[in-house]
>>> print(open('final25.pdb').read())   # PDB, C-alpha atoms
ATOM      1  CA  MET M   1      55.817 140.921 219.113
ATOM      2  CA  THR M   2      58.111 142.480 221.741
ATOM      3  CA  PHE M   3      61.416 144.194 220.966
ATOM      4  CA  PRO M   4      64.506 144.622 223.133
ATOM      5  CA  ASP M   5      63.969 148.392 223.156
ATOM      6  CA  ALA M   6      61.888 151.230 221.731
ATOM      7  CA  ASP M   7      64.621 152.094 219.230
ATOM      8  CA  THR M   8      64.323 148.660 217.689
ATOM      9  CA  ALA M   9      60.645 149.330 217.064
ATOM     10  CA  LEU M  10      61.625 152.641 215.432
ATOM     11  CA  MET M  11      64.191 150.860 213.283
ATOM     12  CA  LEU M  12      61.564 148.390 212.110
ATOM     13  CA  ARG M  13      59.477 151.369 211.033
ATOM     14  CA  VAL M  14      62.518 152.671 209.135
ATOM     15  CA  LYS M  15      62.653 149.266 207.456
ATOM     16  CA  GLN M  16      59.174 150.006 206.124
ATOM     17  CA  GLY M  17      60.503 153.271 204.680
ATOM     18  CA  ASP M  18      59.304 155.549 207.510
ATOM     19  CA  LYS M  19      61.611 158.586 207.353
ATOM     20  CA  ALA M  20      60.000 160.192 210.410
ATOM     21  CA  ALA M  21      61.133 157.211 212.491
ATOM     22  CA  PHE M  22      64.619 157.570 211.013
ATOM     23  CA  ARG M  23      64.668 161.229 211.945
ATOM     24  CA  MET M  24      63.785 160.324 215.540
ATOM     25  CA  LEU M  25      66.675 157.874 215.661
ATOM     26  CA  VAL M  26      69.107 160.492 214.326
ATOM     27  CA  GLU M  27      67.885 163.038 216.870
ATOM     28  CA  ARG M  28      68.233 160.515 219.666
ATOM     29  CA  TYR M  29      71.675 159.208 218.746
ATOM     30  CA  GLN M  30      73.431 162.188 217.165
ATOM     31  CA  GLN M  31      75.150 163.148 220.413
ATOM     32  CA  PRO M  32      76.552 159.725 221.419
ATOM     33  CA  VAL M  33      77.554 158.858 217.854
ATOM     34  CA  ILE M  34      79.364 162.146 217.215
ATOM     35  CA  GLY M  35      80.825 161.962 220.723
ATOM     36  CA  MET M  36      82.273 158.521 220.195
ATOM     37  CA  ILE M  37      83.727 159.320 216.779
ATOM     38  CA  TYR M  38      85.163 162.592 218.014
ATOM     39  CA  ARG M  39      86.894 160.858 220.894
ATOM     40  CA  ALA M  40      88.278 158.271 218.480
ATOM     41  CA  ILE M  41      89.576 160.546 215.730
ATOM     42  CA  GLY M  42      89.957 163.851 217.550
ATOM     43  CA  ASP M  43      88.460 166.045 214.833
ATOM     44  CA  ALA M  44      84.990 167.461 215.310
ATOM     45  CA  TRP M  45      84.345 168.252 211.640
ATOM     46  CA  GLU M  46      85.342 164.810 210.492
ATOM     47  CA  ALA M  47      83.369 163.343 213.377
ATOM     48  CA  GLU M  48      80.200 164.966 212.026
ATOM     49  CA  ASP M  49      80.966 163.812 208.509
ATOM     50  CA  LEU M  50      81.553 160.250 209.667
ATOM     51  CA  ALA M  51      78.459 160.373 211.884
ATOM     52  CA  GLN M  52      76.381 161.314 208.833
ATOM     53  CA  ARG M  53      77.867 158.360 206.976
ATOM     54  CA  VAL M  54      76.927 156.131 209.916
ATOM     55  CA  PHE M  55      73.308 157.273 209.787
ATOM     56  CA  VAL M  56      73.150 156.968 205.993
ATOM     57  CA  ARG M  57      74.449 153.426 206.331
ATOM     58  CA  VAL M  58      71.834 152.698 208.997
ATOM     59  CA  TYR M  59      69.117 153.825 206.584
ATOM     60  CA  GLN M  60      70.564 151.891 203.673
ATOM     61  CA  SER M  61      70.929 148.748 205.790
ATOM     62  CA  ALA M  62      67.386 148.966 207.124
ATOM     63  CA  GLN M  63      66.107 146.303 204.706
ATOM     64  CA  ARG M  64      68.556 143.774 206.108
ATOM     65  CA  TYR M  65      68.075 144.810 209.751
ATOM     66  CA  GLN M  66      67.094 141.981 212.104
ATOM     67  CA  PRO M  67      66.146 142.895 215.690
ATOM     68  CA  ARG M  68      68.412 140.338 217.349
ATOM     69  CA  ALA M  69      70.059 142.739 219.774
ATOM     70  CA  LYS M  70      69.529 146.242 221.112
ATOM     71  CA  PHE M  71      69.476 148.868 218.384
ATOM     72  CA  SER M  72      72.285 150.805 220.062
ATOM     73  CA  THR M  73      74.530 147.734 219.957
ATOM     74  CA  TRP M  74      73.972 147.393 216.210
ATOM     75  CA  LEU M  75      74.456 151.130 215.680
ATOM     76  CA  PHE M  76      77.740 151.283 217.576
ATOM     77  CA  THR M  77      79.009 148.235 215.718
ATOM     78  CA  ILE M  78      78.602 150.320 212.550
ATOM     79  CA  VAL M  79      80.366 153.250 214.245
ATOM     80  CA  HIS M  80      83.239 151.005 215.346
ATOM     81  CA  ASN M  81      83.663 149.577 211.841
ATOM     82  CA  LEU M  82      83.531 152.972 210.133
ATOM     83  CA  VAL M  83      86.076 154.470 212.514
ATOM     84  CA  ARG M  84      88.371 151.485 212.035
ATOM     85  CA  ASN M  85      88.064 151.831 208.254
ATOM     86  CA  GLU M  86      88.786 155.537 208.527
ATOM     87  CA  TYR M  87      91.993 154.786 210.410
ATOM     88  CA  ARG M  88      92.985 152.263 207.763
ATOM     89  CA  ARG M  89      92.161 154.695 204.959
ATOM     90  CA  ARG M  90      94.390 157.320 206.409
ATOM     91  CA  GLY M  91      97.109 154.917 207.438
ATOM     92  CA  ARG M  92      96.850 156.833 210.606
ATOM     93  CA  HIS M  93      99.268 155.997 213.333
ATOM     94  CA  ARG M  94     100.711 159.424 213.629
ATOM     95  CA  LEU M  95     100.446 162.051 216.286
ATOM     96  CA  GLU M  96      98.320 165.052 215.513
ATOM     97  CA  SER M  97      99.824 168.495 215.742
ATOM     98  CA  LEU M  98      98.942 170.805 218.570
ATOM     99  CA  GLU M  99      97.337 173.196 216.079
ATOM    100  CA  HIS M 100      95.019 170.438 215.034
ATOM    101  CA  VAL M 101      93.928 169.881 218.587
ATOM    102  CA  GLN M 102      93.172 173.570 218.905
ATOM    103  CA  GLU M 103      90.191 173.067 216.623
ATOM    104  CA  VAL M 104      88.078 173.028 219.769
ATOM    105  CA  ASP M 105      88.462 176.788 219.869
ATOM    106  CA  ALA M 106      88.492 177.296 216.112
ATOM    107  CA  GLY M 107      85.275 175.342 215.701
ATOM    108  CA  ALA M 108      83.542 177.392 218.328
ATOM    109  CA  GLU M 109      84.678 180.614 216.636
ATOM    110  CA  ARG M 110      83.318 179.441 213.300
ATOM    111  CA  GLY M 111      79.946 178.995 214.967
ATOM    112  CA  GLY M 112      79.908 175.297 214.218
ATOM    113  CA  TRP M 113      80.049 172.501 216.745
ATOM    114  CA  GLN M 114      80.571 173.354 220.385
ATOM    115  CA  PRO M 115      82.602 171.729 223.101
ATOM    116  CA  VAL M 116      80.158 170.732 225.817
ATOM    117  CA  ASP M 117      82.280 171.942 228.740
ATOM    118  CA  GLN M 118      83.709 175.338 228.055
ATOM    119  CA  ALA M 119      85.712 176.538 230.997
ATOM    120  CA  THR M 120      87.684 179.726 230.345
ATOM    121  CA  PRO M 121      90.732 179.648 232.589
ATOM    122  CA  ASP M 122      93.714 182.015 232.398
ATOM    123  CA  PRO M 123      96.082 181.629 229.382
ATOM    124  CA  SER M 124      98.736 179.525 231.117
ATOM    125  CA  THR M 125      96.161 177.151 232.550
ATOM    126  CA  ALA M 126      94.456 177.036 229.162
ATOM    127  CA  ALA M 127      97.739 176.096 227.470
ATOM    128  CA  ALA M 128      98.371 173.364 230.020
ATOM    129  CA  GLU M 129      94.831 172.130 229.552
ATOM    130  CA  ARG M 130      95.305 172.047 225.766
ATOM    131  CA  GLU M 131      98.485 170.089 226.126
ATOM    132  CA  LEU M 132      96.714 167.624 228.392
ATOM    133  CA  GLN M 133      93.903 167.230 225.889
ATOM    134  CA  TYR M 134      96.436 166.679 223.152
ATOM    135  CA  LYS M 135      98.103 163.959 225.205
ATOM    136  CA  ILE M 136      94.776 162.293 225.964
ATOM    137  CA  ARG M 137      93.759 162.368 222.320
ATOM    138  CA  ALA M 138      97.109 161.089 221.114
ATOM    139  CA  ALA M 139      97.029 158.306 223.712
ATOM    140  CA  ILE M 140      93.553 157.208 222.606
ATOM    141  CA  GLU M 141      94.452 157.387 218.913
ATOM    142  CA  GLN M 142      97.473 155.175 219.444
ATOM    143  CA  LEU M 143      95.395 152.365 220.897
ATOM    144  CA  PRO M 144      94.468 149.449 218.614
ATOM    145  CA  ALA M 145      90.906 149.752 217.244
ATOM    146  CA  ALA M 146      89.186 147.302 219.590
ATOM    147  CA  GLN M 147      90.915 148.724 222.682
ATOM    148  CA  ARG M 148      90.008 152.248 221.614
ATOM    149  CA  THR M 149      86.337 151.413 221.168
ATOM    150  CA  ALA M 150      86.252 149.504 224.454
ATOM    151  CA  VAL M 151      87.822 152.460 226.296
ATOM    152  CA  ILE M 152      85.470 155.032 224.761
ATOM    153  CA  LEU M 153      82.335 153.001 225.383
ATOM    154  CA  CYS M 154      83.393 152.131 228.934
ATOM    155  CA  ARG M 155      84.844 155.459 230.028
ATOM    156  CA  TYR M 156      82.580 157.956 228.270
ATOM    157  CA  GLU M 157      79.377 156.061 227.581
ATOM    158  CA  GLY M 158      79.352 153.893 230.708
ATOM    159  CA  TRP M 159      78.660 150.666 228.816
ATOM    160  CA  THR M 160      78.968 147.296 230.523
ATOM    161  CA  TYR M 161      81.468 144.612 229.490
ATOM    162  CA  GLU M 162      78.589 142.597 228.037
ATOM    163  CA  GLU M 163      77.383 145.458 225.826
ATOM    164  CA  ILE M 164      80.922 146.220 224.610
ATOM    165  CA  ALA M 165      81.442 142.511 223.869
ATOM    166  CA  GLU M 166      78.394 142.564 221.594
ATOM    167  CA  VAL M 167      79.660 145.587 219.679
ATOM    168  CA  LEU M 168      83.122 144.095 219.219
ATOM    169  CA  GLY M 169      81.859 140.577 218.592
ATOM    170  CA  CYS M 170      84.050 139.064 221.292
ATOM    171  CA  SER M 171      83.699 137.478 224.731
ATOM    172  CA  VAL M 172      83.284 139.357 228.006
ATOM    173  CA  GLY M 173      86.673 138.013 229.083
ATOM    174  CA  ALA M 174      88.224 139.498 225.959
ATOM    175  CA  VAL M 175      86.698 142.895 226.772
ATOM    176  CA  LYS M 176      88.172 142.743 230.265
ATOM    177  CA  SER M 177      91.545 141.979 228.741
ATOM    178  CA  LEU M 178      91.223 144.747 226.111
ATOM    179  CA  LEU M 179      90.361 147.301 228.771
ATOM    180  CA  HIS M 180      93.177 146.206 231.041
ATOM    181  CA  ARG M 181      95.784 146.416 228.271
ATOM    182  CA  ALA M 182      94.419 149.762 227.110
ATOM    183  CA  ARG M 183      94.574 151.150 230.641
ATOM    184  CA  LEU M 184      98.165 150.001 231.062
ATOM    185  CA  THR M 185      99.056 151.811 227.825
ATOM    186  CA  LEU M 186      97.179 154.923 228.889
ATOM    187  CA  LYS M 187      98.872 154.835 232.273
ATOM    188  CA  ASN M 188     102.259 154.951 230.577
ATOM    189  CA  GLN M 189     101.227 157.527 227.982
ATOM    190  CA  LEU M 190      99.668 159.890 230.500
ATOM    191  CA  ARG M 191     102.322 159.572 233.136
ATOM    192  CA  GLY M 192     103.148 163.047 234.332
ATOM    193  CA  TYR M 193      99.827 164.499 233.189
ATOM    194  CA  CYS M 194      97.574 163.000 235.849
TER     195      CYS M 194
ATOM    196  CA  MET J   1      97.928 136.556 246.296
ATOM    197  CA  ASN J   2     100.905 137.960 244.384
ATOM    198  CA  CYS J   3     101.590 141.255 242.598
ATOM    199  CA  ARG J   4     100.905 139.815 239.133
ATOM    200  CA  LYS J   5      97.465 138.537 240.100
ATOM    201  CA  THR J   6      96.654 141.730 241.964
ATOM    202  CA  GLN J   7      97.452 143.852 238.934
ATOM    203  CA  GLN J   8      95.541 141.519 236.629
ATOM    204  CA  TRP J   9      92.473 142.317 238.689
ATOM    205  CA  PHE J  10      92.903 146.091 238.357
ATOM    206  CA  ALA J  11      90.388 146.398 235.509
ATOM    207  CA  GLU J  12      87.715 144.398 237.296
ATOM    208  CA  ARG J  13      88.347 146.267 240.535
ATOM    209  CA  LEU J  14      88.028 149.607 238.760
ATOM    210  CA  ASP J  15      84.797 148.548 237.072
ATOM    211  CA  GLY J  16      83.358 147.104 240.296
ATOM    212  CA  ARG J  17      83.310 143.551 238.972
ATOM    213  CA  LEU J  18      85.296 141.785 241.680
ATOM    214  CA  ASP J  19      83.199 139.579 243.924
ATOM    215  CA  GLU J  20      83.480 139.960 247.681
ATOM    216  CA  THR J  21      86.032 137.202 248.189
ATOM    217  CA  ARG J  22      88.383 138.391 245.472
ATOM    218  CA  GLN J  23      88.034 141.981 246.597
ATOM    219  CA  ARG J  24      89.100 141.081 250.132
ATOM    220  CA  LEU J  25      92.153 139.240 248.804
ATOM    221  CA  TRP J  26      92.970 142.116 246.496
ATOM    222  CA  GLU J  27      92.686 144.739 249.229
ATOM    223  CA  ALA J  28      94.749 142.658 251.632
ATOM    224  CA  HIS J  29      97.576 142.472 249.111
ATOM    225  CA  LEU J  30      97.389 146.156 248.322
ATOM    226  CA  ALA J  31      97.555 147.037 252.004
ATOM    227  CA  ASP J  32     100.861 145.178 252.263
ATOM    228  CA  CYS J  33     102.449 146.073 248.909
ATOM    229  CA  ALA J  34     103.648 149.617 248.237
ATOM    230  CA  ALA J  35     104.569 148.835 244.607
ATOM    231  CA  CYS J  36     101.050 147.620 243.801
ATOM    232  CA  ARG J  37      99.572 150.617 245.611
ATOM    233  CA  GLN J  38     101.625 152.909 243.382
ATOM    234  CA  GLU J  39     100.633 150.975 240.249
ATOM    235  CA  TRP J  40      96.998 151.154 241.289
ATOM    236  CA  ALA J  41      97.250 154.898 241.930
ATOM    237  CA  ASP J  42      98.731 155.495 238.446
ATOM    238  CA  TYR J  43      96.234 153.150 236.860
ATOM    239  CA  THR J  44      93.215 154.933 238.318
ATOM    240  CA  ALA J  45      94.708 158.401 237.800
ATOM    241  CA  ALA J  46      95.102 157.792 234.049
ATOM    242  CA  TRP J  47      91.498 156.611 233.850
ATOM    243  CA  GLU J  48      90.352 159.698 235.730
ATOM    244  CA  THR J  49      92.406 161.922 233.446
ATOM    245  CA  LEU J  50      90.589 160.599 230.393
ATOM    246  CA  GLY J  51      87.458 162.168 231.834
ATOM    247  CA  ARG J  52      89.007 165.619 231.354
ATOM    248  CA  ALA J  53      88.830 165.360 227.559
ATOM    249  CA  PRO J  54      86.022 167.608 226.350
ATOM    250  CA  ALA J  55      82.939 166.247 224.691
ATOM    251  CA  VAL J  56      81.378 167.885 221.669
ATOM    252  CA  ALA J  57      77.763 168.573 220.860
ATOM    253  CA  PRO J  58      76.413 168.253 217.318
ATOM    254  CA  SER J  59      76.372 171.512 215.385
ATOM    255  CA  ALA J  60      73.045 173.185 214.637
ATOM    256  CA  GLY J  61      71.158 171.585 211.767
ATOM    257  CA  PHE J  62      72.991 168.266 211.959
ATOM    258  CA  VAL J  63      69.779 166.255 211.652
ATOM    259  CA  GLU J  64      68.573 168.200 208.587
ATOM    260  CA  ARG J  65      71.968 167.896 206.904
ATOM    261  CA  THR J  66      71.972 164.165 207.540
ATOM    262  CA  LEU J  67      68.509 163.779 206.005
ATOM    263  CA  ARG J  68      69.578 165.828 202.974
ATOM    264  CA  ARG J  69      72.683 163.688 202.597
ATOM    265  CA  LEU J  70      70.445 160.654 202.653
ATOM    266  CA  ASP J  71      68.552 162.006 199.641
ATOM    267  CA  ASP J  72      71.805 162.781 197.812
ATOM    268  CA  THR J  73      73.349 159.372 198.451
ATOM    269  CA  PRO J  74      72.976 156.825 195.652
ATOM    270  CA  ALA J  75      71.481 153.438 196.412
ATOM    271  CA  PRO J  76      73.974 151.117 198.095
ATOM    272  CA  GLU J  77      76.160 148.902 195.980
ATOM    273  CA  PRO J  78      75.143 145.261 196.208
ATOM    274  CA  GLY J  79      77.258 143.266 198.624
ATOM    275  CA  ARG J  80      79.815 140.705 197.535
ATOM    276  CA  TRP J  81      77.431 137.764 198.041
ATOM    277  CA  SER J  82      74.703 139.606 196.231
ATOM    278  CA  LEU J  83      77.037 140.029 193.245
ATOM    279  CA  VAL J  84      78.020 136.370 193.360
ATOM    280  CA  LEU J  85      74.358 135.371 193.372
ATOM    281  CA  ARG J  86      73.620 137.628 190.392
ATOM    282  CA  TRP J  87      76.456 136.121 188.382
ATOM    283  CA  ALA J  88      75.386 132.619 189.373
ATOM    284  CA  ALA J  89      71.802 133.336 188.239
ATOM    285  CA  LEU J  90      73.063 134.750 184.932
ATOM    286  CA  ALA J  91      75.283 131.709 184.388
ATOM    287  CA  ALA J  92      72.333 129.385 185.149
ATOM    288  CA  VAL J  93      70.109 131.176 182.619
ATOM    289  CA  VAL J  94      72.798 131.048 179.920
ATOM    290  CA  THR J  95      73.487 127.355 180.592
ATOM    291  CA  LEU J  96      69.784 126.451 180.567
ATOM    292  CA  THR J  97      69.193 128.352 177.312
ATOM    293  CA  GLY J  98      72.186 126.681 175.649
ATOM    294  CA  TRP J  99      71.173 123.224 176.834
ATOM    295  CA  THR J 100      67.566 123.672 175.642
ATOM    296  CA  GLY J 101      68.789 124.853 172.240
ATOM    297  CA  TRP J 102      71.209 121.965 171.917
ATOM    298  CA  VAL J 103      68.565 119.367 172.841
ATOM    299  CA  GLY J 104      66.105 120.916 170.362
ATOM    300  CA  TYR J 105      68.746 120.919 167.642
ATOM    301  CA  GLN J 106      69.621 117.273 168.290
ATOM    302  CA  ARG J 107      65.954 116.298 168.151
ATOM    303  CA  LEU J 108      65.539 118.058 164.779
ATOM    304  CA  GLN J 109      68.649 116.350 163.457
ATOM    305  CA  ASN J 110      67.381 112.939 164.591
ATOM    306  CA  GLU J 111      64.021 113.509 162.941
ATOM    307  CA  ARG J 112      65.727 114.532 159.673
ATOM    308  CA  LEU J 113      68.004 111.479 159.751
ATOM    309  CA  ALA J 114      65.011 109.250 160.411
ATOM    310  CA  ARG J 115      63.225 110.696 157.381
ATOM    311  CA  VAL J 116      66.319 110.198 155.197
ATOM    312  CA  TYR J 117      66.718 106.637 156.482
ATOM    313  CA  GLU J 118      63.092 105.861 155.764
ATOM    314  CA  ALA J 119      63.411 107.335 152.277
ATOM    315  CA  VAL J 120      66.627 105.401 151.493
ATOM    316  CA  ARG J 121      65.173 102.182 152.911
ATOM    317  CA  GLY J 122      62.076 102.667 150.723
ATOM    318  CA  GLU J 123      64.228 103.132 147.619
ATOM    319  CA  VAL J 124      66.309 100.023 148.455
ATOM    320  CA  LEU J 125      63.195  97.894 148.886
ATOM    321  CA  GLU J 126      61.833  99.145 145.577
ATOM    322  CA  SER J 127      65.064  98.272 143.723
ATOM    323  CA  GLU J 128      65.128  94.789 145.361
ATOM    324  CA  ILE J 129      61.586  94.121 144.074
ATOM    325  CA  VAL J 130      62.554  95.256 140.579
ATOM    326  CA  GLU J 131      65.659  93.060 140.681
ATOM    327  CA  SER J 132      63.602  90.036 141.828
ATOM    328  CA  LEU J 133      61.084  90.564 139.013
ATOM    329  CA  ASN J 134      63.902  90.774 136.478
ATOM    330  CA  TYR J 135      65.320  87.502 137.795
ATOM    331  CA  LEU J 136      62.000  85.776 137.411
TER     332      LEU J 136
END
>>> encode(input="final25.pdb", output="C-alpha cells")
Amino acid sequence: MTFPDADTALMLRVKQGDKAAFRMLVERYQQPVIGMIYRAIGDAWEAEDLAQRVFVRVYQSAQRYQPRAKFSTWLFTIVHNLVRNEYRRRGRHRLESLEHVQEVDAGAERGGWQPVDQATPDPSTAAAERELQYKIRAAIEQLPAAQRTAVILCRYEGWTYEEIAEVLGCSVGAVKSLLHRARLTLKNQLRGYC
Amino acid sequence: MNCRKTQQWFAERLDGRLDETRQRLWEAHLADCAACRQEWADYTAAWETLGRAPAVAPSAGFVERTLRRLDDTPAPEPGRWSLVLRWAALAAVVTLTGWTGWVGYQRLQNERLARVYEAVRGEVLESEIVESLNYL
C-alpha cells in the first residue's frame, strides 16, 4: 500500500498506538502549527497551548483517521477549526492593546518562546517596528476565519491554492476569491505602513 | 481589458497563476492605466508588509509537554452520532426485551385459557350425559 506522504505512514502507526511515531509528528510539525496559530491569534503563549490541543486531538482522532489526503492537509484542517472555535469562544473581534503585542519581548525575557528574527534596532525604530507589527496582527485578526487561514497558509507557509482549498473544504476558485478579498482588506488596513 | 477585470486578476498575478495570454493583456492595461498601477503597487506592498511580522519558534520542551498533556487528557467524549447510536441500541434492546416478555406472557395466558376451556367443556359433557341418563 502506498501513502500520499511519509507523515501519513507515521499517522497510521499512531493509529496502532505507536507513541514514538506520534512524537515524530509533533517534532516535525510543532513549528508550522505554532507559527500558524501565532499568526492567527497573535499570542505566543496561547499559540503553544492551542498547538498542544491540536496535537492531542490528532492523537485522539487517530482511530478514525483515513489516509485520503496528505497528513498536513488533515492536520491544518484541525488547526483551522480550533482557531476558529477559539475566536468564537472569545467573541473576539476586538483590537489587541499595544502592550499585548509587546509580548514578543516579554516572552523572550521570560526565557520561553523566541521570536525567530530578532533584530535589535534603535529605540525609535523599534517602536515603529512594534507599531507595524501591531497593525499587521490587528489586520490579520480582523479578517474572517477562512480568509485569515488562506492568507496565513499562502503568505507564510507558501501553500498552493489547491492545498488551501482542501484545508478549507472549498473550491480553488473560492480560495482565489478569499485571497483577493483578504488582500484588498489588508491593503486598506496597512495603508501608510507599507 | 478594463480596470475591474485587471484588478480582479491581481491575486492570480501575484501568485503567478495567470497564463501567458492573460498576463499580456493584464500588463498592457497596467502600462496604460495609472490608477491600476497605483492599486497594484498598494496591493503588492501590503502583501510584502505581512512578511515583516515575526515568526515564533516553539519553546524548549514543547514536545515533552505535549506528550505529558496527552497522558493527562481524558479519553475523548463520544461524538454526536456515536451518542445517537448508543441510545438507539439501548432503545432496541429495551423494545426487544419488552416484546419477548409480552409474547411469552400472552402464550402462557393462552395455554391457561385452553386448559380452563378444556376443563369446563369436560364438565359440561359430563353433566349432559347425566341429564340424558336421567331422562331415559
>>> atom_distance(input="final25.pdb", atom1="CA of Arg39 (chain M)", atom2="CA of Thr149 (chain M)")
9.5 Å
>>> closest_residue(input="final25.pdb", among="J:Ser132, J:Thr73, J:Ser127, J:Gln23", to="Met1 (chain J)", atoms="all atoms listed in the file")
J:Gln23
>>> closest_residue(input="final25.pdb", among="J:Val56, J:Leu25, J:Ala41, J:Ala34", to="chain M", atoms="only C-alpha atoms")
J:Val56
>>> residues_near_point(input="final25.pdb", point="(93.3, 167.1, 226.6)", cutoff="7 Å", atoms="only C-alpha atoms", output="list of chain:residue names")
M:Glu129, M:Arg130, M:Glu131, M:Leu132, M:Gln133, M:Tyr134, M:Lys135, M:Ile136, M:Arg137, J:Arg52, J:Ala53
>>> resolve_selection(input="final25.pdb", expression="the PyMOL selection byres ((chain M and resi 147) around 10)", output="PyMOL selection string")
chain M and resi 140+142-146+148-153+168+175+177-183
>>> atom_distance(input="final25.pdb", atom1="CA of Gly173 (chain M)", atom2="CA of Glu157 (chain M)")
19.5 Å
>>> resolve_selection(input="final25.pdb", expression="the PyMOL selection byres ((chain J) within 8 of (chain M))", output="ChimeraX atom specification")
/J:8,10-12,42-43,45-60,62-63,66-67,69-70,73,75-76
>>> atom_distance(input="final25.pdb", atom1="CA of Asp71 (chain J)", atom2="CA of Val79 (chain M)")
20.7 Å
>>> closest_residue(input="final25.pdb", among="M:Gly42, M:Gly17, M:Gly169, M:Pro123", to="His80 (chain M)", atoms="all atoms listed in the file")
M:Gly169
>>> closest_residue(input="final25.pdb", among="M:Leu10, M:Leu50, M:Ile78, M:Ala69", to="Glu162 (chain M)", atoms="all atoms listed in the file")
M:Ala69
>>> residues_around(input="final25.pdb", residues="Val83 (chain M)", least_positions_apart="5", cutoff="8 Å", atoms="only C-alpha atoms", output="NGL selection string")
:M and (37 or 40-41 or 50)
>>> resolve_selection(input="final25.pdb", expression="the PyMOL selection byres ((chain M and resi 71) around 8)", output="list in words")
Asp5, Asp7, Thr8, Met11, Pro67, Ala69, Lys70, Ser72, Thr73, Trp74 and Leu75 of chain M
